[in-house]
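So this one's final.csv, CSV, C-alpha atoms:
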chain,number,residue,atom,x,y,z
A,1,MET,CA,160.1,197.8,87.5
A,2,GLY,CA,156.6,196.8,86.4
A,3,MET,CA,154.1,194.7,88.3
A,4,ARG,CA,154.7,191.8,85.9
A,5,GLN,CA,158.4,191.7,86.5
A,6,GLU,CA,157.8,192.0,90.3
A,7,ALA,CA,155.5,189.0,90.1
A,8,ILE,CA,158.0,187.0,88.2
A,9,GLU,CA,160.7,187.7,90.7
A,10,LYS,CA,158.4,186.9,93.6
A,11,VAL,CA,157.6,183.5,92.0
A,12,LYS,CA,161.2,182.8,91.2
A,13,LYS,CA,162.6,183.7,94.6
A,14,ASP,CA,161.7,180.3,96.1
A,15,SER,CA,164.0,177.5,95.1
A,16,PHE,CA,162.6,174.0,94.5
A,17,GLU,CA,164.1,170.8,93.4
A,18,HIS,CA,163.9,170.4,89.7
A,19,GLY,CA,160.9,168.2,88.7
A,20,SER,CA,159.2,168.5,92.1
A,21,PRO,CA,155.5,169.4,92.2
A,22,GLN,CA,156.4,172.8,93.7
A,23,GLU,CA,158.8,173.5,90.9
A,24,VAL,CA,156.1,172.5,88.3
A,25,LEU,CA,153.7,174.8,90.1
A,26,GLN,CA,156.3,177.6,89.9
A,27,ARG,CA,156.3,177.1,86.1
A,28,LEU,CA,152.5,177.1,86.0
A,29,LEU,CA,152.5,180.5,87.8
A,30,LEU,CA,155.1,181.9,85.4
A,31,ALA,CA,153.1,180.7,82.4
A,32,TRP,CA,150.0,182.4,84.0
A,33,ILE,CA,151.9,185.7,84.4
A,34,GLU,CA,153.0,185.4,80.7
A,35,TYR,CA,149.5,184.7,79.5
A,36,ASP,CA,147.5,187.2,81.7
A,37,GLU,CA,148.6,190.7,82.6
A,38,GLY,CA,146.2,190.7,85.5
A,39,ALA,CA,147.9,187.7,87.1
A,40,ALA,CA,150.7,189.9,88.5
A,41,GLU,CA,148.3,191.8,90.8
A,42,HIS,CA,147.0,188.5,92.2
A,43,ILE,CA,150.4,187.0,92.7
A,44,LEU,CA,151.8,190.1,94.4
A,45,ALA,CA,148.9,190.0,97.0
A,46,GLU,CA,150.1,190.1,100.6
A,47,GLY,CA,150.4,186.7,102.1
A,48,LYS,CA,150.3,184.8,98.8
A,49,ASP,CA,153.3,182.7,97.7
A,50,THR,CA,154.1,179.5,95.8
A,51,LYS,CA,154.4,177.4,98.9
A,52,GLY,CA,151.0,178.5,100.1
A,53,CYS,CA,149.5,177.9,96.7
A,54,TYR,CA,151.0,174.4,96.6
A,55,GLU,CA,149.5,173.6,100.1
A,56,HIS,CA,146.1,174.9,98.9
A,57,ILE,CA,146.2,172.6,95.9
A,58,ARG,CA,147.2,169.6,98.1
A,59,SER,CA,144.4,170.4,100.6
A,60,CYS,CA,141.8,170.6,97.8
A,61,ALA,CA,143.0,167.3,96.3
A,62,ARG,CA,142.8,165.6,99.7
A,63,GLU,CA,139.2,166.8,100.0
A,64,LEU,CA,138.5,164.8,96.9
A,65,HIS,CA,140.7,161.9,98.1
A,66,GLN,CA,143.1,162.4,95.2
A,67,ASN,CA,146.8,162.8,95.1
A,68,SER,CA,147.4,166.3,93.9
A,69,VAL,CA,149.8,165.0,91.2
A,70,ASN,CA,147.0,162.8,89.8
A,71,ALA,CA,144.2,165.4,89.6
A,72,ALA,CA,143.2,166.6,86.2
A,73,PRO,CA,145.5,169.4,85.1
A,74,GLU,CA,142.7,171.9,84.6
A,75,GLN,CA,141.4,171.1,88.1
A,76,GLU,CA,144.8,171.8,89.6
A,77,VAL,CA,145.0,175.1,87.6
A,78,LYS,CA,141.5,176.0,88.9
A,79,TRP,CA,142.7,175.4,92.5
A,80,MET,CA,145.8,177.5,91.8
A,81,LEU,CA,143.6,180.4,90.5
A,82,ASP,CA,141.3,179.9,93.5
A,83,TYR,CA,144.2,180.4,95.9
A,84,TYR,CA,144.9,183.7,94.2
A,85,GLY,CA,141.2,184.8,94.5
A,86,ILE,CA,140.0,183.9,91.0
A,87,LYS,CA,136.8,182.0,91.4
A,88,ASP,CA,134.5,179.8,89.3
A,89,GLU,CA,133.3,181.4,86.1
A,90,GLU,CA,136.3,183.8,85.9
A,91,ALA,CA,138.7,180.8,86.4
A,92,ASP,CA,136.8,178.7,83.9
A,93,ALA,CA,137.0,181.6,81.4
A,94,LEU,CA,140.8,181.9,81.8
A,95,ILE,CA,141.3,178.1,81.6
A,96,GLU,CA,139.1,177.7,78.5
A,97,GLY,CA,140.2,180.9,77.0
A,98,GLY,CA,143.8,179.9,76.4
A,99,LEU,CA,145.6,179.6,79.8
A,100,MET,CA,145.8,175.8,79.6
A,101,CYS,CA,147.3,176.1,76.1
A,102,SER,CA,149.8,178.6,77.4
A,103,ILE,CA,150.7,176.4,80.3
A,104,PHE,CA,151.2,173.3,78.2
A,105,GLY,CA,153.3,175.3,75.8
A,106,ALA,CA,155.5,176.5,78.6
A,107,LEU,CA,155.9,173.0,80.0
A,108,ALA,CA,156.6,171.5,76.6
A,109,ALA,CA,159.3,174.0,75.9
A,110,GLN,CA,161.5,172.4,78.5
A,111,PHE,CA,161.6,169.2,76.5
A,112,ARG,CA,162.9,170.7,73.3
A,113,PRO,CA,166.1,168.9,72.3
A,114,HIS,CA,169.3,170.7,73.2
A,115,GLY,CA,170.5,173.1,70.5
A,116,MET,CA,167.2,172.8,68.6
A,117,GLU,CA,166.3,176.3,67.4
A,118,LYS,CA,163.1,175.3,65.5
A,119,THR,CA,160.1,174.0,67.3
A,120,HIS,CA,159.7,171.1,64.9
A,121,PRO,CA,162.5,169.1,63.2
A,122,VAL,CA,163.0,169.8,59.5
A,123,ALA,CA,164.5,167.3,57.1
A,124,GLU,CA,167.9,168.5,55.7
A,125,THR,CA,167.2,166.9,52.3
A,126,ALA,CA,164.1,165.8,50.5
A,127,ALA,CA,163.3,162.1,50.4
A,128,PRO,CA,164.4,160.4,47.2
A,129,GLU,CA,161.8,159.8,44.5
A,130,PRO,CA,160.3,156.3,44.5
A,131,PRO,CA,161.4,154.2,41.5
A,132,ASN,CA,158.9,153.7,38.7
A,133,PRO,CA,157.0,150.5,39.2
A,134,PRO,CA,156.9,147.9,36.4
A,135,GLU,CA,153.8,148.0,34.1
A,136,GLU,CA,152.0,145.1,35.8
A,137,GLN,CA,152.4,146.9,39.2
A,138,ARG,CA,150.9,150.1,37.8
A,139,GLU,CA,147.8,148.1,36.7
A,140,LYS,CA,147.5,146.6,40.2
A,141,ASP,CA,147.9,150.0,41.7
A,142,ALA,CA,145.1,151.3,39.5
A,143,VAL,CA,142.8,148.6,40.7
A,144,ALA,CA,143.8,149.2,44.3
A,145,SER,CA,143.2,153.0,44.1
A,146,LEU,CA,140.0,152.5,42.1
A,147,ASP,CA,141.1,154.8,39.3
A,148,LEU,CA,138.1,154.3,37.0
A,149,ASP,CA,139.8,155.8,33.9
A,150,ALA,CA,142.7,153.3,34.2
A,151,LEU,CA,140.3,150.4,34.8
A,152,LEU,CA,138.0,151.2,31.9
A,153,GLY,CA,140.7,152.6,29.6
When written as structure tokens, how does the structure in this file appear?
Amino acid sequence: MGMRQEAIEKVKKDSFEHGSPQEVLQRLLLAWIEYDEGAAEHILAEGKDTKGCYEHIRSCARELHQNSVNAAPEQEVKWMLDYYGIKDEEADALIEGGLMCSIFGALAAQFRPHGMEKTHPVAETAAPEPPNPPEEQREKDAVASLDLDALLG
């Protein structure tokens, strides 16, 4: 088993209530593993786990007198990375380099309608063609759209 799979199993071994901040953090960690191959090494570090990471984020938020749920998402991710030993510029590079996009994509995937295979709905049939407007309506439309040829013609 590779390091990435070990890291996924380590993150998933803890069970949290669905929708709880700890469960959301668990999904953030899984998105990080998916995004960055180097994440596994940090997550597998001795003494590091999801519960400890959550407590670190709460502690950092309290220092700023914020509720950890209401901190900016990129700030919470920066605190998460800090817990795993990724500091300042390296954390910023990950966040700005696509980690946030990967995280938001992973979080958004859970809200896909049941049974929907495509990421965006597609119309089954094309919309019907609009009826041809009467002649006087076409003249008004020409004025409204500032079609100079129709106005001068």
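Using only C-alpha atoms, the nearest neighbour of A:Leu64 within the list A:Glu34, A:Glu76, A:Asp82, A:Glu9 is A:Glu76.
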TODO: With a distance cut-off of 10 Å and only C-alpha atoms, select the neighbouring residues of A:Tyr84, excluding the residue or stretch itself and same-chain residues fewer than 3 positions from it, and output the selection as a PyMOL selection string.
DONE: chain A and resi 39+41-45+48-49+52-53+78-81+87
Open item on the list: Would you compute the distance between atom CA of A:Glu90 and atom CA of A:Gln75? Give it in Å to one decimal.
Closed with: 13.9 Å
So that I can check the surroundings of stretch 99-112 of chain A, please list as a short mmCIF file (atom, residue, chain, number, x, y, z; two decimals) with C-alpha atoms, in the frame of the given file every protein, DNA and RNA residue that reaches within 10 Å of it, counting all atoms listed in the file and ignoring chain neighbours fewer than 5 positions away.
data_model
loop_
_atom_site.label_atom_id
_atom_site.label_comp_id
_atom_site.auth_asym_id
_atom_site.auth_seq_id
_atom_site.Cartn_x
_atom_site.Cartn_y
_atom_site.Cartn_z
CA VAL A 24 156.10 172.50 88.30
CA ARG A 27 156.30 177.10 86.10
CA LEU A 28 152.50 177.10 86.00
CA LEU A 29 152.50 180.50 87.80
CA LEU A 30 155.10 181.90 85.40
CA ALA A 31 153.10 180.70 82.40
CA TRP A 32 150.00 182.40 84.00
CA ILE A 33 151.90 185.70 84.40
CA GLU A 34 153.00 185.40 80.70
CA TYR A 35 149.50 184.70 79.50
CA ASP A 36 147.50 187.20 81.70
CA PRO A 73 145.50 169.40 85.10
CA GLU A 74 142.70 171.90 84.60
CA VAL A 77 145.00 175.10 87.60
CA ALA A 91 138.70 180.80 86.40
CA ASP A 92 136.80 178.70 83.90
CA ALA A 93 137.00 181.60 81.40
CA LEU A 94 140.80 181.90 81.80
CA GLU A 117 166.30 176.30 67.40
CA LYS A 118 163.10 175.30 65.50
CA THR A 119 160.10 174.00 67.30
CA HIS A 120 159.70 171.10 64.90
#
Open item on the list: Between atom CA of A:Ala7 and atom CA of A:Glu46, what distance in Å does the model show, to one decimal?
Closed with: 11.9 Å
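Going from atom CA of A:Arg4 over to atom CA of A:Glu37, you cover 7.0 Å.
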Would you fill out stretch 76-104 of chain A with N, CA and C atoms and return it as a PDB file, in the frame of the given file?
ATOM      1  N   GLU A  76     143.745 171.282  88.781  1.00  0.00           N
ATOM      2  CA  GLU A  76     144.800 171.800  89.600  1.00  0.00           C
ATOM      3  C   GLU A  76     145.017 173.330  89.265  1.00  0.00           C
ATOM      4  N   VAL A  77     144.880 173.695  87.996  1.00  0.00           N
ATOM      5  CA  VAL A  77     145.000 175.100  87.600  1.00  0.00           C
ATOM      6  C   VAL A  77     143.838 175.893  88.247  1.00  0.00           C
ATOM      7  N   LYS A  78     142.663 175.308  88.278  1.00  0.00           N
ATOM      8  CA  LYS A  78     141.500 176.000  88.900  1.00  0.00           C
ATOM      9  C   LYS A  78     141.771 176.201  90.390  1.00  0.00           C
ATOM     10  N   TRP A  79     142.363 175.214  91.066  1.00  0.00           N
ATOM     11  CA  TRP A  79     142.700 175.400  92.500  1.00  0.00           C
ATOM     12  C   TRP A  79     143.781 176.439  92.658  1.00  0.00           C
ATOM     13  N   MET A  80     144.737 176.478  91.734  1.00  0.00           N
ATOM     14  CA  MET A  80     145.800 177.500  91.800  1.00  0.00           C
ATOM     15  C   MET A  80     145.143 178.894  91.680  1.00  0.00           C
ATOM     16  N   LEU A  81     144.247 179.061  90.730  1.00  0.00           N
ATOM     17  CA  LEU A  81     143.600 180.400  90.500  1.00  0.00           C
ATOM     18  C   LEU A  81     142.724 180.698  91.761  1.00  0.00           C
ATOM     19  N   ASP A  82     142.072 179.689  92.333  1.00  0.00           N
ATOM     20  CA  ASP A  82     141.300 179.900  93.500  1.00  0.00           C
ATOM     21  C   ASP A  82     142.100 180.457  94.670  1.00  0.00           C
ATOM     22  N   TYR A  83     143.296 179.905  94.851  1.00  0.00           N
ATOM     23  CA  TYR A  83     144.200 180.400  95.900  1.00  0.00           C
ATOM     24  C   TYR A  83     144.474 181.881  95.746  1.00  0.00           C
ATOM     25  N   TYR A  84     144.584 182.317  94.508  1.00  0.00           N
ATOM     26  CA  TYR A  84     144.900 183.700  94.200  1.00  0.00           C
ATOM     27  C   TYR A  84     143.611 184.581  94.074  1.00  0.00           C
ATOM     28  N   GLY A  85     142.466 184.037  94.449  1.00  0.00           N
ATOM     29  CA  GLY A  85     141.200 184.800  94.500  1.00  0.00           C
ATOM     30  C   GLY A  85     140.416 184.835  93.222  1.00  0.00           C
ATOM     31  N   ILE A  86     140.735 184.004  92.273  1.00  0.00           N
ATOM     32  CA  ILE A  86     140.000 183.900  91.000  1.00  0.00           C
ATOM     33  C   ILE A  86     139.039 182.745  91.134  1.00  0.00           C
ATOM     34  N   LYS A  87     137.764 183.003  91.126  1.00  0.00           N
ATOM     35  CA  LYS A  87     136.800 182.000  91.400  1.00  0.00           C
ATOM     36  C   LYS A  87     135.988 181.553  90.162  1.00  0.00           C
ATOM     37  N   ASP A  88     135.394 180.397  90.258  1.00  0.00           N
ATOM     38  CA  ASP A  88     134.500 179.800  89.300  1.00  0.00           C
ATOM     39  C   ASP A  88     134.466 180.232  87.891  1.00  0.00           C
ATOM     40  N   GLU A  89     133.487 181.075  87.513  1.00  0.00           N
ATOM     41  CA  GLU A  89     133.300 181.400  86.100  1.00  0.00           C
ATOM     42  C   GLU A  89     134.551 182.182  85.559  1.00  0.00           C
ATOM     43  N   GLU A  90     135.149 183.045  86.369  1.00  0.00           N
ATOM     44  CA  GLU A  90     136.300 183.800  85.900  1.00  0.00           C
ATOM     45  C   GLU A  90     137.501 182.792  85.700  1.00  0.00           C
ATOM     46  N   ALA A  91     137.641 181.822  86.602  1.00  0.00           N
ATOM     47  CA  ALA A  91     138.700 180.800  86.400  1.00  0.00           C
ATOM     48  C   ALA A  91     138.427 179.955  85.212  1.00  0.00           C
ATOM     49  N   ASP A  92     137.185 179.527  85.025  1.00  0.00           N
ATOM     50  CA  ASP A  92     136.800 178.700  83.900  1.00  0.00           C
ATOM     51  C   ASP A  92     137.109 179.490  82.561  1.00  0.00           C
ATOM     52  N   ALA A  93     136.776 180.780  82.552  1.00  0.00           N
ATOM     53  CA  ALA A  93     137.000 181.600  81.400  1.00  0.00           C
ATOM     54  C   ALA A  93     138.509 181.675  81.036  1.00  0.00           C
ATOM     55  N   LEU A  94     139.345 181.829  82.059  1.00  0.00           N
ATOM     56  CA  LEU A  94     140.800 181.900  81.800  1.00  0.00           C
ATOM     57  C   LEU A  94     141.289 180.504  81.307  1.00  0.00           C
ATOM     58  N   ILE A  95     140.856 179.438  81.954  1.00  0.00           N
ATOM     59  CA  ILE A  95     141.300 178.100  81.600  1.00  0.00           C
ATOM     60  C   ILE A  95     140.884 177.761  80.160  1.00  0.00           C
ATOM     61  N   GLU A  96     139.618 178.004  79.834  1.00  0.00           N
ATOM     62  CA  GLU A  96     139.100 177.700  78.500  1.00  0.00           C
ATOM     63  C   GLU A  96     139.501 178.697  77.457  1.00  0.00           C
ATOM     64  N   GLY A  97     139.908 179.867  77.896  1.00  0.00           N
ATOM     65  CA  GLY A  97     140.200 180.900  77.000  1.00  0.00           C
ATOM     66  C   GLY A  97     141.683 180.919  76.476  1.00  0.00           C
ATOM     67  N   GLY A  98     142.481 179.969  76.921  1.00  0.00           N
ATOM     68  CA  GLY A  98     143.800 179.900  76.400  1.00  0.00           C
ATOM     69  C   GLY A  98     144.908 179.675  77.481  1.00  0.00           C
ATOM     70  N   LEU A  99     144.561 179.807  78.755  1.00  0.00           N
ATOM     71  CA  LEU A  99     145.600 179.600  79.800  1.00  0.00           C
ATOM     72  C   LEU A  99     146.155 178.226  79.785  1.00  0.00           C
ATOM     73  N   MET A 100     145.313 177.206  79.631  1.00  0.00           N
ATOM     74  CA  MET A 100     145.800 175.800  79.600  1.00  0.00           C
ATOM     75  C   MET A 100     146.773 175.638  78.433  1.00  0.00           C
ATOM     76  N   CYS A 101     146.435 176.189  77.290  1.00  0.00           N
ATOM     77  CA  CYS A 101     147.300 176.100  76.100  1.00  0.00           C
ATOM     78  C   CYS A 101     148.647 176.756  76.394  1.00  0.00           C
ATOM     79  N   SER A 102     148.604 177.911  77.023  1.00  0.00           N
ATOM     80  CA  SER A 102     149.800 178.600  77.400  1.00  0.00           C
ATOM     81  C   SER A 102     150.669 177.829  78.360  1.00  0.00           C
ATOM     82  N   ILE A 103     150.022 177.230  79.331  1.00  0.00           N
ATOM     83  CA  ILE A 103     150.700 176.400  80.300  1.00  0.00           C
ATOM     84  C   ILE A 103     151.367 175.205  79.688  1.00  0.00           C
ATOM     85  N   PHE A 104     150.608 174.486  78.867  1.00  0.00           N
ATOM     86  CA  PHE A 104     151.200 173.300  78.200  1.00  0.00           C
ATOM     87  C   PHE A 104     152.317 173.669  77.294  1.00  0.00           C
TER      88      PHE A 104
END
